[in-house]
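Everything below concerns the one structure shown next.
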Amino acid sequence: MRVAVIGLAAGLLASGAACAQVIYPIDQAAILAGSRFDLKVEFPGLADASRVRVTVNGRDHAAALGRAAEFIQKEDGKDLSALMLRGVAIDQPGRYDVTATDGDRTATVTWDVYAATAPRRAKNVILMIGDGMAMANVTAARILVGGIEQGKYRRPLTMDGLPQMATVGTSGTDSIVTDSANSASAYNTGHKSAVNALGVYASRAADTLAHPKVETLGEVVKRRLGMSVGIVTSTEIQDATPAGVFAHTRRRSDYVPITDQLLAFNADVVMGGGSASFLPQSVPGSRRRDAKDMIAAFREQGYAFADTAAALSAAADPSTKKLLGLFNLGNMDGALDRFYLKKGTVERFPEQPDLTEQVSAALKVLERNPAGFYLMVESGLIDKFNHPIDWERSVYDTIMLDHALKVVLDWAAGRDDTLVIVVPDHTHGVGIVGTVRDEVQAEQMRDKVSVYADAGFPNYPAPDARGYPPSVDVSRRLAMFYASFPDYYESYRPNLDGPRVPAVRSGASGPYVANEKLNTPGAQLRTGNLPRDAEQGVHSADDALLRATGPGSERLHGFVDNTFVFRAMAEALGLGTP
């Protein structure tokens, strides 16, 4: 009897709870031919090595995969046996049935190994991720940048002009609602995984770095095609989305090991925040617990280094082959704070480059490789501002992503060799319902919310030379509300004193309660709809909207799974052929 193992990749099975083996990669995994992955079989108890057998399409796995797996009698010292075979690949496309037995129990999974069916069409691939970017973020960005009059937008966003469009399902193996690690991993590996996992299947291994790995697109194109790889973000470079390009860990918060993996990965361009994980322990602000100076280590590997916008401009000269830019100890500041409010960490880091400057510098370095490049660009603070119910900041960073897209499209104009994809990794439950009108006479701010015909249109000023409205504190503002939230005070106004902190702990370890600092005149105390241990809003399972252009983009239409985005990029690059 065939026992399908489905949805067990979260690695949450308690000892003795499973009735059969767990096999990684999991059932229905789609695997790029020639890409490397780890085969792991977890047995529900102690197994007799002489009775253990793993077959691939009926053949012994050693014959089918080229070598035998290691049998682990007691994994992590527990009464649980396992088989592990690291770094294998299957070159021939087709269906593969993998069966594992310990002599008493048997499990089978089926893999779909695929390859590009046509020659390489794209020399370059640029994946631009609006982290947590919901449709309301895009709509609000279009309103703030171009305005709206008599129901018509005065001008579209750059992303509105991309010809291909698809909705993307983002759920993971362990939850209907994904996080950025799992979703970034799906885009970069073509494999589903679990919340907090990067480039691995989430198994029961105790060591976060010991879980079964799957090769990323960045690793494949460097190894198979000699392409360059660039990573550009406004978050810490070790954060989930940028780390999805190269990292392999069960725990996305492994920032120091992720930094060490980044050095080993040897990307050609790396830019973002996160210098805290590069600095030796003796330097104030360091996150490390050792004396390693990772900036020095990158320099020794030939990287030019920049820590300000001016230094970045100078570093991206014709002689630069590899570039490291670190512009903040943590996440970089968003566009609203950096350019207008001067809040967050702007006073400490006043010369952070804009995402457009980072992308422009990255393209100058990457385009020098005749084999092409893969560039991942993330506007990561859209998500980090959606979480604390700070929609104005999230929308300004949506506008910043759109500006960066224009830089990309201007660079790619006149050439038909670059696939460009713009997509969220996941969404947030947020929507625009009308306007907040200060001219309405009411004591409570909620009574100034106007809907339907009473709403009219907002009166944000026209964008300045930077491309953003210079003020968000206007008399008729968008009424944009979130579907998930902790207890907090809704002020119906932008937070001008710095990024919003909606809830704080009650005591040292108590529940989160509404932050009294936001209890301004007329504010409304909103009782949360999340558990009391939630300090901010959460992601949603809503489909993400993808837009694309360039060779291979026609594959992206209708509804697709997030793992298919990887497949579309791989096929455009002609990967998987022997």
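In the structure tokens, chains take the letters A, B, ... in the order shown, each chain's residues start at 1, and ligands count up from 1 in the order shown.
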
For region 154-164 of chain A: contacts at 8 Å, only C-alpha atoms, fewer than 5 positions along chain excluded, given as a ChimeraX atom specification: /A:141-142,145-149,402-403,405-406,422,547-549,553-554,556-557

Write out, as a tab-separated table, each residue of region 242-307 of chain A that has an atom at most 12 Å from region 120-133 of chain A, together with the closest pair of atoms and their distance in Å to one decimal, counting only C-alpha atoms, rows going by chain and rising number.
residue	atom	partner	partner_atom	distance
A:Pro242	CA	A:Ile129	CA	9.7
A:Gly244	CA	A:Ile129	CA	11.7
A:Val245	CA	A:Leu127	CA	10.6

Take the residues that were just selected and, keeping N, CA and C atoms, output them as a PDB file, in the first residue's frame.
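And here's again_13.pdb as it stands now:
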ATOM      1  N   PRO A 242      16.489  38.911   1.498  1.00  0.00           N
ATOM      2  CA  PRO A 242      17.827  38.861   0.873  1.00  0.00           C
ATOM      3  C   PRO A 242      18.559  37.563   1.180  1.00  0.00           C
ATOM      4  N   GLY A 244      17.307  34.727   1.441  1.00  0.00           N
ATOM      5  CA  GLY A 244      16.743  33.668   0.624  1.00  0.00           C
ATOM      6  C   GLY A 244      17.525  33.393  -0.643  1.00  0.00           C
ATOM      7  N   VAL A 245      18.351  34.331  -1.070  1.00  0.00           N
ATOM      8  CA  VAL A 245      19.149  34.150  -2.285  1.00  0.00           C
ATOM      9  C   VAL A 245      20.263  33.129  -2.075  1.00  0.00           C
TER      10      VAL A 245
END

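Here the strand (DSSP E or B) residues in region 155-295 of chain A, by DSSP on the backbone, are Gln164, Met165, Ala166, Thr167, Val168, Gly169, Leu198, Val200, Lys213, Val214, Ser228, Val229, Gly230, Ile231, Val232, Thr233, Ser234, Thr235, Glu236, Thr249, Val269, Val270, Met271, Gly272 and Gly273 of chain A.
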
Fewer than 6 positions away in the same chain doesn't count, so skip those; otherwise give me all residues within 10 Å of Phe564 (chain A), counting only C-alpha atoms, as a short mmCIF file (atom, residue, chain, number, x, y, z; two decimals) with C-alpha atoms, in the first residue's frame.
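The resulting part02.cif:
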data_model
loop_
_atom_site.label_atom_id
_atom_site.label_comp_id
_atom_site.auth_asym_id
_atom_site.auth_seq_id
_atom_site.Cartn_x
_atom_site.Cartn_y
_atom_site.Cartn_z
CA ALA A 30 9.12 20.05 -8.25
CA VAL A 168 0.51 34.15 -6.70
CA GLY A 169 -0.34 31.68 -3.95
CA ALA A 186 10.09 29.37 -2.59
CA TYR A 187 11.03 32.06 -5.12
CA THR A 189 14.59 27.38 -4.76
CA GLY A 190 11.29 26.28 -6.26
CA HIS A 191 10.60 24.22 -3.12
CA ARG A 555 4.83 32.04 -18.56
CA LEU A 556 3.53 34.13 -15.69
CA ALA A 570 14.98 28.87 -14.46
#

One decimal, in Å: what's the spacing between CA of Ala315 (chain A) and CA of Pro353 (chain A)? 12.9 Å
